[in-house]
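Visitor: Dropping in entry_26.cif, which is mmCIF, C-alpha atoms:
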```cif
data_final
loop_
_atom_site.label_atom_id
_atom_site.label_comp_id
_atom_site.auth_asym_id
_atom_site.auth_seq_id
_atom_site.Cartn_x
_atom_site.Cartn_y
_atom_site.Cartn_z
CA MET A 1 -17.70 76.83 -28.42
CA LYS A 2 -15.13 79.00 -30.20
CA VAL A 3 -11.94 80.48 -28.74
CA ALA A 4 -9.92 83.05 -30.67
CA PHE A 5 -6.24 83.77 -30.02
CA LYS A 6 -4.37 87.00 -30.72
CA THR A 7 -0.61 86.95 -30.18
CA LEU A 8 1.97 89.71 -29.99
CA GLY A 9 5.70 89.59 -29.53
CA CYS A 10 8.28 86.85 -29.50
CA ARG A 11 8.44 83.23 -30.59
CA LEU A 12 8.01 82.17 -26.98
CA ASN A 13 4.60 83.83 -26.98
CA GLN A 14 3.85 82.14 -30.31
CA TYR A 15 4.78 78.77 -28.83
CA GLU A 16 2.60 79.26 -25.76
CA THR A 17 -0.38 80.41 -27.85
CA ASP A 18 -0.03 77.45 -30.21
CA ALA A 19 0.20 75.01 -27.32
CA LEU A 20 -2.91 76.46 -25.67
CA ALA A 21 -4.87 76.49 -28.94
CA ALA A 22 -3.96 72.86 -29.55
CA GLN A 23 -5.24 71.96 -26.09
CA PHE A 24 -8.57 73.68 -26.75
CA ARG A 25 -8.88 71.96 -30.12
CA GLU A 26 -8.21 68.54 -28.60
CA GLN A 27 -10.98 69.20 -26.07
CA GLY A 28 -13.52 69.89 -28.82
CA TYR A 29 -13.35 73.67 -29.05
CA GLU A 30 -13.21 75.52 -32.34
CA VAL A 31 -10.05 77.65 -32.41
CA SER A 32 -9.21 80.59 -34.64
CA GLU A 33 -7.02 83.66 -35.01
CA GLN A 34 -10.12 85.70 -35.91
CA GLU A 35 -12.23 87.15 -33.12
CA GLU A 36 -15.50 87.24 -35.07
CA GLY A 37 -18.04 84.85 -33.58
CA ALA A 38 -15.77 83.73 -30.74
CA ASP A 39 -17.13 83.05 -27.27
CA VAL A 40 -13.73 83.89 -25.76
CA VAL A 41 -10.84 85.96 -27.09
CA VAL A 42 -7.41 85.27 -25.55
CA VAL A 43 -4.86 88.04 -26.13
CA ASN A 44 -1.24 87.07 -25.41
CA THR A 45 0.43 90.46 -24.89
CA CYS A 46 3.96 91.82 -25.25
CA THR A 47 5.60 94.63 -23.27
CA VAL A 48 9.18 94.70 -24.58
CA THR A 49 8.76 98.29 -25.89
CA ASN A 50 6.26 101.13 -25.56
CA GLN A 51 5.11 100.29 -29.08
CA SER A 52 4.46 96.72 -27.93
CA ASN A 53 2.22 98.04 -25.15
CA GLN A 54 0.33 100.23 -27.62
CA LYS A 55 -0.14 97.32 -30.02
CA SER A 56 -1.36 95.07 -27.21
CA ARG A 57 -3.90 97.65 -26.03
CA HIS A 58 -5.04 98.21 -29.61
CA VAL A 59 -5.54 94.49 -30.25
CA ILE A 60 -7.57 94.11 -27.05
CA SER A 61 -9.72 97.17 -27.83
CA HIS A 62 -10.24 96.13 -31.45
CA ALA A 63 -11.28 92.61 -30.46
CA GLY A 64 -13.76 94.06 -27.99
CA LYS A 65 -15.28 96.30 -30.66
CA VAL A 66 -15.47 93.54 -33.27
CA ASN A 67 -16.99 91.08 -30.82
CA PRO A 68 -18.38 92.89 -27.75
CA LYS A 69 -20.18 89.75 -26.52
CA ALA A 70 -17.02 87.69 -26.20
CA GLN A 71 -15.34 87.05 -22.87
CA MET A 72 -11.90 88.69 -22.92
CA VAL A 73 -8.87 86.92 -21.42
CA ILE A 74 -5.61 88.90 -21.27
CA THR A 75 -2.31 87.16 -20.59
CA GLY A 76 1.37 87.59 -21.40
CA CYS A 77 4.08 89.98 -20.31
CA MET A 78 1.95 93.13 -20.19
CA THR A 79 -0.09 91.55 -17.38
CA GLU A 80 3.11 91.51 -15.33
CA SER A 81 4.16 95.10 -16.04
CA HIS A 82 0.79 96.90 -16.40
CA ALA A 83 -1.78 94.80 -14.54
CA ASP A 84 -3.44 97.77 -12.84
CA GLN A 85 -3.71 99.68 -16.10
CA LEU A 86 -5.26 96.67 -17.85
CA HIS A 87 -7.78 96.19 -15.02
CA GLN A 88 -8.80 99.84 -15.29
CA LYS A 89 -9.02 100.00 -19.08
CA PHE A 90 -10.67 96.58 -19.54
CA PRO A 91 -12.67 96.04 -16.33
CA GLY A 92 -14.61 93.07 -17.64
CA ALA A 93 -11.55 91.09 -18.75
CA THR A 94 -10.01 88.11 -17.00
CA ILE A 95 -6.30 88.77 -16.50
CA ILE A 96 -3.94 85.79 -16.19
CA ASN A 97 -0.22 86.24 -15.57
CA ASN A 98 2.65 84.32 -17.16
CA GLN A 99 3.00 81.87 -14.30
CA ALA A 100 -0.61 80.73 -14.71
CA LYS A 101 -0.70 81.03 -18.51
CA SER A 102 -0.27 77.30 -19.07
CA GLY A 103 -3.51 76.76 -17.11
CA ILE A 104 -5.62 78.99 -19.36
CA PHE A 105 -7.61 76.06 -20.73
CA GLN A 106 -8.79 75.15 -17.24
CA SER A 107 -9.57 78.80 -16.48
CA VAL A 108 -11.52 79.43 -19.70
CA ASP A 109 -13.30 76.09 -19.56
CA ALA A 110 -14.50 76.93 -16.07
CA LEU A 111 -15.40 80.49 -17.13
CA LEU A 112 -17.67 79.22 -19.90
CA LYS A 113 -19.23 76.44 -17.85
CA THR A 114 -19.67 78.18 -14.49
CA GLY A 115 -19.17 81.88 -15.19
CA ASN A 116 -16.09 82.00 -12.96
CA PRO A 117 -12.52 81.39 -14.10
CA VAL A 118 -10.34 79.11 -11.98
CA LEU A 119 -7.14 81.05 -11.37
CA SER A 120 -4.42 79.05 -9.66
CA ASN A 121 -0.67 78.94 -10.13
CA LYS A 122 -0.11 75.88 -7.98
CA ASP A 123 -1.17 73.25 -10.53
CA PHE A 124 0.83 74.70 -13.42
CA ASP A 125 4.34 75.87 -14.16
CA LEU A 126 6.26 77.55 -16.96
CA PHE A 127 6.60 74.23 -18.81
CA SER A 128 3.10 72.78 -18.31
CA TYR A 129 2.29 72.93 -22.01
CA GLN A 130 1.42 69.79 -23.94
CA SER A 131 3.19 68.67 -27.10
CA PHE A 132 1.56 69.77 -30.34
CA THR A 133 2.24 70.23 -34.04
CA GLU A 134 0.70 72.32 -36.82
CA MET A 135 -1.48 74.76 -34.96
CA PHE A 136 -1.21 78.34 -36.23
CA HIS A 137 2.36 77.74 -37.49
CA THR A 138 3.76 74.87 -39.55
CA ARG A 139 6.99 74.80 -37.58
CA SER A 140 6.83 73.11 -34.16
CA LEU A 141 8.20 75.34 -31.44
CA VAL A 142 9.68 73.57 -28.41
CA LYS A 143 10.20 75.56 -25.23
CA ILE A 144 13.46 74.68 -23.48
CA GLN A 145 13.92 77.62 -21.11
CA ASP A 146 12.20 80.65 -19.58
CA GLY A 147 13.25 83.79 -17.73
CA CYS A 148 16.53 85.71 -17.76
CA ASP A 149 19.24 86.66 -15.25
CA ASN A 150 21.14 89.09 -17.48
CA PHE A 151 19.28 92.30 -16.50
CA CYS A 152 20.39 94.33 -19.51
CA THR A 153 19.93 97.96 -18.59
CA PHE A 154 17.26 98.59 -21.26
CA CYS A 155 15.24 95.42 -20.71
CA ILE A 156 12.12 94.72 -18.68
CA ILE A 157 11.93 91.00 -19.51
CA PRO A 158 13.56 89.67 -16.29
CA PHE A 159 10.87 91.54 -14.35
CA VAL A 160 7.96 90.11 -16.36
CA ARG A 161 9.30 86.63 -17.18
CA GLY A 162 11.22 86.03 -13.96
CA ARG A 163 14.62 84.51 -13.33
CA ALA A 164 16.16 81.96 -15.68
CA VAL A 165 14.90 78.40 -15.39
CA SER A 166 15.69 75.47 -17.69
CA ARG A 167 13.29 72.72 -18.68
CA PRO A 168 14.49 69.23 -17.74
CA ALA A 169 16.28 67.62 -20.68
CA ASN A 170 14.16 64.46 -20.57
CA GLN A 171 11.02 66.59 -20.99
CA VAL A 172 12.54 68.48 -23.92
CA LEU A 173 13.58 65.28 -25.67
CA GLN A 174 10.19 63.68 -25.05
CA ASN A 175 8.53 66.79 -26.50
CA VAL A 176 10.72 66.58 -29.60
CA ARG A 177 10.02 62.86 -30.08
CA GLU A 178 6.29 63.41 -29.73
CA VAL A 179 6.06 66.19 -32.31
CA VAL A 180 8.32 64.33 -34.74
CA ALA A 181 6.07 61.29 -34.34
CA LYS A 182 3.11 63.54 -35.18
CA GLY A 183 4.82 64.62 -38.40
CA ALA A 184 6.75 67.77 -37.49
CA LYS A 185 9.42 68.60 -40.06
CA GLU A 186 10.99 71.60 -38.33
CA ILE A 187 11.66 71.97 -34.60
CA VAL A 188 12.34 75.52 -33.36
CA LEU A 189 14.04 75.71 -29.97
CA THR A 190 12.73 78.69 -28.06
CA GLY A 191 12.95 80.44 -24.71
CA VAL A 192 13.84 83.83 -23.25
CA ASN A 193 17.60 83.26 -23.07
CA ILE A 194 18.34 79.82 -24.47
CA SER A 195 22.12 80.23 -24.51
CA ARG A 196 21.88 80.05 -20.69
CA TYR A 197 20.21 76.64 -20.77
CA ASP A 198 21.63 74.58 -17.88
CA HIS A 199 19.85 71.58 -16.42
CA GLU A 200 21.85 69.51 -13.96
CA GLY A 201 25.07 70.51 -15.68
CA LEU A 202 23.82 69.89 -19.23
CA LYS A 203 24.46 73.05 -21.24
CA PHE A 204 22.73 74.26 -24.40
CA SER A 205 25.17 72.62 -26.81
CA GLY A 206 24.82 69.28 -25.02
CA LEU A 207 21.04 69.46 -25.20
CA LEU A 208 21.20 70.46 -28.88
CA ASP A 209 23.46 67.47 -29.60
CA GLN A 210 20.93 65.10 -28.02
CA ILE A 211 18.03 66.66 -29.96
CA LEU A 212 19.93 66.30 -33.25
CA ASN A 213 20.33 62.60 -32.50
CA VAL A 214 16.57 61.99 -32.18
CA GLU A 215 15.49 59.71 -35.01
CA GLY A 216 13.33 61.13 -37.80
CA ASP A 217 13.29 63.31 -40.91
CA PHE A 218 13.30 66.82 -39.48
CA ARG A 219 15.50 69.86 -39.09
CA VAL A 220 16.26 71.90 -35.98
CA ARG A 221 16.26 75.68 -35.99
CA ILE A 222 17.54 77.79 -33.10
CA SER A 223 15.44 80.86 -32.33
CA SER A 224 16.86 84.09 -30.91
CA ILE A 225 20.05 83.48 -28.93
CA GLU A 226 22.52 85.63 -27.00
CA PRO A 227 26.18 85.61 -28.12
CA ASP A 228 27.65 85.02 -24.67
CA ARG A 229 27.76 81.25 -23.98
CA PHE A 230 29.07 79.59 -27.14
CA ASP A 231 31.51 76.71 -26.63
CA ASP A 232 33.58 74.39 -28.81
CA HIS A 233 30.88 71.72 -28.60
CA PHE A 234 28.42 74.04 -30.30
CA PHE A 235 30.81 74.89 -33.15
CA SER A 236 31.41 71.17 -33.73
CA LEU A 237 27.67 70.79 -34.45
CA VAL A 238 27.62 73.42 -37.22
CA GLY A 239 27.13 71.56 -40.47
CA HIS A 240 25.11 68.73 -38.90
CA PRO A 241 22.55 67.64 -41.52
CA LYS A 242 19.66 68.24 -39.14
CA LEU A 243 20.81 71.66 -37.87
CA ALA A 244 19.50 74.58 -39.94
CA PRO A 245 22.39 76.88 -40.95
CA HIS A 246 20.81 79.97 -39.43
CA LEU A 247 21.09 81.84 -36.15
CA HIS A 248 19.23 84.89 -34.93
CA LEU A 249 22.21 86.23 -32.99
CA CYS A 250 21.37 89.38 -31.03
CA LEU A 251 23.86 92.21 -31.65
CA GLN A 252 21.97 95.28 -30.26
CA SER A 253 24.95 97.59 -30.87
CA GLY A 254 28.26 97.61 -32.73
CA SER A 255 29.89 99.89 -30.17
CA ASP A 256 31.76 98.31 -27.26
CA ARG A 257 31.02 101.35 -25.06
CA ILE A 258 27.29 101.11 -25.74
CA LEU A 259 27.34 97.33 -25.18
CA LEU A 260 28.93 97.99 -21.79
CA GLN A 261 26.28 100.61 -21.01
CA MET A 262 23.62 98.11 -22.02
CA ARG A 263 25.23 95.52 -19.72
CA ARG A 264 25.59 93.08 -22.58
CA MET A 265 27.87 90.12 -21.84
CA TYR A 266 30.12 90.29 -24.92
CA THR A 267 32.24 92.62 -27.03
CA VAL A 268 32.05 93.30 -30.76
CA SER A 269 35.20 91.23 -31.20
CA GLU A 270 33.60 88.26 -29.43
CA PHE A 271 30.45 88.62 -31.55
CA MET A 272 32.51 88.64 -34.75
CA SER A 273 34.51 85.64 -33.54
CA ILE A 274 31.29 83.60 -33.41
CA VAL A 275 30.38 84.73 -36.92
CA ASP A 276 33.83 83.93 -38.27
CA ARG A 277 34.05 80.47 -36.65
CA VAL A 278 30.62 79.49 -37.95
CA ARG A 279 31.21 80.80 -41.47
CA ALA A 280 34.55 79.02 -41.58
CA ARG A 281 32.44 75.84 -41.55
CA ASP A 282 29.66 77.19 -43.81
CA PRO A 283 30.35 80.45 -45.70
CA ARG A 284 26.64 80.87 -46.59
CA PHE A 285 25.45 80.54 -42.98
CA ASN A 286 22.65 83.04 -42.34
CA PHE A 287 22.93 85.42 -39.40
CA THR A 288 19.91 87.55 -38.54
CA THR A 289 19.84 89.93 -35.62
CA ASP A 290 18.25 92.58 -33.37
CA VAL A 291 19.60 96.13 -33.21
CA ILE A 292 18.66 99.02 -30.91
CA VAL A 293 19.25 102.54 -32.25
CA GLY A 294 19.29 105.66 -30.11
CA PHE A 295 20.33 104.12 -26.80
CA PRO A 296 21.04 106.87 -24.22
CA GLY A 297 24.33 108.57 -25.01
CA GLU A 298 24.79 106.89 -28.41
CA THR A 299 26.87 109.21 -30.59
CA GLU A 300 26.73 109.44 -34.35
CA GLU A 301 30.11 107.70 -34.48
CA GLU A 302 28.83 104.82 -32.33
CA PHE A 303 25.76 104.48 -34.51
CA GLU A 304 28.07 104.28 -37.52
CA GLU A 305 30.02 101.53 -35.73
CA THR A 306 26.83 99.47 -35.61
CA MET A 307 26.26 100.12 -39.32
CA ASP A 308 29.82 98.96 -39.99
CA VAL A 309 29.39 95.72 -38.01
CA ALA A 310 26.15 95.02 -39.90
CA ARG A 311 28.02 95.39 -43.19
CA ARG A 312 30.87 93.15 -42.01
CA VAL A 313 28.45 90.39 -40.99
CA GLY A 314 26.13 90.79 -43.96
CA PHE A 315 22.99 90.03 -41.97
CA GLY A 316 20.23 88.19 -43.82
CA HIS A 317 17.58 90.09 -41.86
CA MET A 318 17.53 92.68 -39.08
CA HIS A 319 14.92 93.58 -36.49
CA ILE A 320 15.50 97.27 -35.72
CA PHE A 321 14.13 98.94 -32.61
CA LYS A 322 14.28 102.54 -31.54
CA TYR A 323 15.32 102.63 -27.89
CA SER A 324 12.20 102.68 -25.73
CA VAL A 325 12.23 103.74 -22.08
CA ARG A 326 11.12 100.93 -19.77
CA LYS A 327 10.20 101.98 -16.24
CA ASN A 328 12.45 100.88 -13.39
CA THR A 329 15.33 99.89 -15.66
CA ARG A 330 18.80 101.36 -15.25
CA ALA A 331 18.75 102.88 -18.74
CA GLU A 332 15.72 104.97 -17.75
CA ARG A 333 17.94 106.81 -15.25
CA MET A 334 20.86 107.34 -17.64
CA PRO A 335 21.72 110.82 -18.89
CA HIS A 336 21.76 112.02 -22.49
CA HIS A 337 18.60 110.40 -23.83
CA ILE A 338 18.44 110.75 -27.60
CA PRO A 339 15.69 112.96 -29.12
CA ASP A 340 12.95 111.05 -30.92
CA ALA A 341 13.71 112.79 -34.20
CA VAL A 342 17.33 111.56 -34.09
CA LYS A 343 16.23 108.02 -33.20
CA THR A 344 13.78 108.04 -36.10
CA GLU A 345 16.40 109.27 -38.57
CA ARG A 346 18.91 106.63 -37.43
CA SER A 347 16.24 103.95 -37.61
CA GLN A 348 15.46 104.92 -41.21
CA ARG A 349 19.11 104.69 -42.18
CA MET A 350 19.50 101.33 -40.45
CA HIS A 351 16.37 99.99 -42.16
CA ALA A 352 17.73 101.09 -45.53
CA LEU A 353 20.99 99.26 -44.85
CA ALA A 354 19.09 96.19 -43.62
CA GLU A 355 17.12 96.00 -46.86
CA GLU A 356 20.32 96.31 -48.88
CA LEU A 357 22.04 93.55 -46.89
CA LYS A 358 19.00 91.28 -47.02
CA ALA A 359 18.79 91.57 -50.81
CA ALA A 360 22.52 90.87 -51.15
CA TYR A 361 22.36 87.81 -48.91
CA ARG A 362 19.30 86.30 -50.60
CA ALA A 363 20.27 86.96 -54.23
CA PRO A 364 22.53 83.87 -54.65
CA PHE A 365 19.64 81.58 -53.65
CA ASP A 366 17.31 82.85 -56.37
CA GLN A 367 16.49 80.41 -59.18
CA THR A 368 18.53 77.62 -57.55
CA GLU A 369 17.68 74.16 -56.30
CA GLN A 370 16.75 74.32 -52.63
CA ARG A 371 15.17 72.13 -49.96
CA VAL A 372 12.04 74.03 -48.96
CA LEU A 373 9.66 73.27 -46.11
CA VAL A 374 6.25 74.08 -47.59
CA GLU A 375 4.19 76.28 -45.29
CA LYS A 376 1.62 77.79 -47.67
CA TRP A 377 -0.04 77.01 -50.98
CA ALA A 378 -2.10 79.37 -53.15
CA ASP A 379 -2.88 79.65 -56.86
CA GLY A 380 -0.55 76.88 -57.93
CA LYS A 381 2.42 78.15 -55.93
CA ALA A 382 3.94 76.61 -52.81
CA SER A 383 6.05 78.72 -50.48
CA GLY A 384 8.14 78.29 -47.37
CA TYR A 385 11.68 78.63 -46.07
CA ASN A 386 14.82 76.85 -47.17
CA ASP A 387 17.38 75.52 -44.69
CA TYR A 388 19.05 78.95 -44.56
CA TYR A 389 15.78 80.68 -43.58
CA VAL A 390 15.36 82.35 -46.95
CA PRO A 391 11.71 82.59 -48.12
CA MET A 392 11.24 80.66 -51.35
CA VAL A 393 8.38 80.00 -53.78
CA PHE A 394 7.92 77.44 -56.55
CA ASP A 395 5.20 76.15 -58.85
CA SER A 396 3.34 73.14 -57.48
CA ASP A 397 0.01 71.35 -57.76
CA ASN A 398 0.51 69.72 -54.36
CA LYS A 399 -1.46 71.69 -51.76
CA LYS A 400 -0.09 69.77 -48.78
CA ARG A 401 1.77 71.79 -46.15
CA ASN A 402 4.56 70.60 -43.84
CA ARG A 403 6.58 68.68 -46.42
CA PHE A 404 10.12 69.03 -47.71
CA GLU A 405 10.58 69.63 -51.44
CA GLN A 406 13.94 69.64 -53.24
CA VAL A 407 13.08 71.99 -56.08
CA LEU A 408 14.17 74.83 -58.33
CA ALA A 409 12.80 77.82 -56.43
CA ARG A 410 12.73 81.59 -56.47
CA VAL A 411 13.36 83.97 -53.59
CA GLN A 412 10.10 85.51 -52.50
CA ASP A 413 10.05 88.68 -50.42
CA PHE A 414 7.57 87.66 -47.77
CA GLU A 415 8.04 87.59 -44.03
CA GLU A 416 6.22 85.43 -41.54
#
```
What is this structure when it is put down as structure tokens?

Guide:
Amino acid sequence: MKVAFKTLGCRLNQYETDALAAQFREQGYEVSEQEEGADVVVVNTCTVTNQSNQKSRHVISHAGKVNPKAQMVITGCMTESHADQLHQKFPGATIINNQAKSGIFQSVDALLKTGNPVLSNKDFDLFSYQSFTEMFHTRSLVKIQDGCDNFCTFCIIPFVRGRAVSRPANQVLQNVREVVAKGAKEIVLTGVNISRYDHEGLKFSGLLDQILNVEGDFRVRISSIEPDRFDDHFFSLVGHPKLAPHLHLCLQSGSDRILLQMRRMYTVSEFMSIVDRVRARDPRFNFTTDVIVGFPGETEEEFEETMDVARRVGFGHMHIFKYSVRKNTRAERMPHHIPDAVKTERSQRMHALAEELKAAYRAPFDQTEQRVLVEKWADGKASGYNDYYVPMVFDSDNKKRNRFEQVLARVQDFEE
């Protein structure tokens, strides 16, 4: 039997899809990211923006057209925010919410064997995913946290992922040891708001320290993180040989007034303090980020403030989002919503700056010796990311993935 997986959205969704696919594979199923010929198609949706909803609906519809005989299973954040709409638009689909997502194998297995999915939250929780390595991604994602208590005024995630909860440290460490034993070379720590990790008084930096001390030849990369809970312990870890010198540190805006309106838990000065303290230890440290343009009430001057902060940081990559109204959030009720044409024009200018900054950051790595984790091989060329999360390519006859190479490499403009 074949199960296909389609994934939208964040690294947490990627982790959960990979973990589920690995479970199906271990139980004898064929797994794929292509829906053709599949008995079941599992779509892991995203709802962070209106565009995310549209993409999720499109992927579900397309999969149904490509393979109308397949059983459709829809999960992920859109099932929390638009369950009724999904039931109406895809009446034959099985819809499984985030709480029960980790039990999808049991549900699908029962669906194929008996015709009825077993849907139960009681036997599963947000961390009931088995350890795995090398599924759809070379890097091994490890979930340490879920949910969020911040309630930023633009964000629907606390409503679809729930309140913040941290995975017990012993489970995280066991997960890391297991995937390292299976050959993982890069561990990516992921969650909804990992800076808020707190299990029985152990904070994020304490957990990170313990992970870095696990034996083995691997590096640790931190996925998207909020700039509001950094402590001296964390800064002392910068430069550790196992810690990748890269953070995706979420800015959202370079205007203190807009950050306050967004209910972000930091100021521009505090954001820049993190950047400065880290780069004092490693001047080449790569900061990537998320930015929202066109938040309600954003003036041209405040947009320019964000552009200025981006220049000061010199981001290696930027994810740029036009503000999208999310129902039942405080920002939806704010006055002075920005016209779409203005948001589009600002987005274009921010994208142009992002490309300029990315090229400037990556240029010094070109044609230099780098340690690259090989993720792909084709036509005599191996490619992957260096420690600083810069995509690199080099000539190689070795087709093996998931290996470190210390080589003379070129910057390659590809994105995962």

Visitor: Here's the selection I'm unsure about, the PyMOL selection byres ((chain A and resi 358-362) around 8); applied to the file above, which residues does it give, as a ChimeraX atom specification?

Guide: /A:314-317,354-357,363-366,390,411

Visitor: Using only C-alpha atoms, which of the listed residues (A:Arg139, A:Lys6, A:His62, A:Arg403) sits closest to Val220 (chain A)?

Guide: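 That would be A:Arg139, the residue with the smallest distance to Val220 (chain A).
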
Visitor: Can you work out the spacing between CA of Asn44 (chain A) and CA of Asp109 (chain A) in Å, to one decimal?

Guide: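 So the answer is 17.3 Å.
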
Visitor: Which residues, protein or nucleic acid, reach to within 12 Å of (9.9, 88.6, -20.8) in the file's coordinates when using only C-alpha atoms, and can you give that as number ranges by chain?

Guide: A: 9-13, 45-49, 76-81, 97-99, 145-151, 155-164, 191-193

Visitor: Counting only C-alpha atoms, which of A:Ser107, A:Ser140, A:Asn116, A:Ser61 gets nearest to Glu16 (chain A)?

Guide: A:Ser140

Visitor: Between CA of Phe321 (chain A) and CA of Asp290 (chain A), measure the distance and give it in Å to one decimal.

Guide: 7.6 Å

Visitor: Show me, as a PyMOL selection string, the residues that have an atom within 7 Å of Val3 (chain A) when counting only C-alpha atoms, minus same-chain residues fewer than 6 positions from it.

Guide: chain A and resi 29-32+38-41

Visitor: List the residues matched by the PyMOL selection byres ((chain A and resi 189) around 6) in the displayed structure as a list in words, ordered by chain and then by residue number.

Guide: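 Applying the expression gives Val142, Val188, Thr190, Ile222 and Ser223 of chain A.
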
Visitor: For CA of Lys101 (chain A) and CA of Val118 (chain A), determine how far apart the two atoms are, in Å to one decimal place.

Guide: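 A separation of 11.8 Å between them.
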
Visitor: When distances are computed from all atoms listed in the file, which of A:Glu332, A:Asp198, A:Glu33, A:Glu215 shows the smallest separation from Gly297 (chain A)?

Guide: A:Glu332

Visitor: Using all atoms listed in the file, find the one residue out of A:Thr368, A:Ser102, A:Lys55, A:Gly37 that sits nearest to Asn67 (chain A).

Guide: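 For Asn67 (chain A), the nearest of the candidates is A:Gly37.
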
Visitor: Given the choices A:Leu251, A:Ile274, A:Ile144, A:Ala280, which gets closest to Phe204 (chain A) if the distance is worked out from all atoms listed in the file?

Guide: A:Ile144

Visitor: Of the candidates A:Gln261, A:Ser224, A:Asn213, A:Gln54, which one gets nearest to Leu243 (chain A) if we count only C-alpha atoms?

Guide: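 Ranked by minimum distance to Leu243 (chain A), first place goes to A:Asn213.
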
Visitor: Written as a ChimeraX atom specification, which residues does the PyMOL selection byres ((chain A and resi 249) around 8) give for the file shown?

Guide: /A:224-227,247-248,250-251,287-290

Visitor: At a cut-off of 12 Å around the point (19.1, 106.7, -40.8) (file coordinates), what residues fall inside when counting all atoms listed in the file? I'd like the answer as a ChimeraX atom specification.

Guide: /A:293-294,300,303-304,306-307,320,322,341-354

Visitor: I'd like the neighbourhood of Gln27 (chain A) as a list in words, where a residue qualifies if any of its atoms comes within 12 Å (using all atoms listed in the file), though same-chain residues fewer than 6 positions away should be ignored.

Guide: Met1, Lys2, Val3, Leu20, Ala21, Phe105, Gln106 and Asp109 of chain A
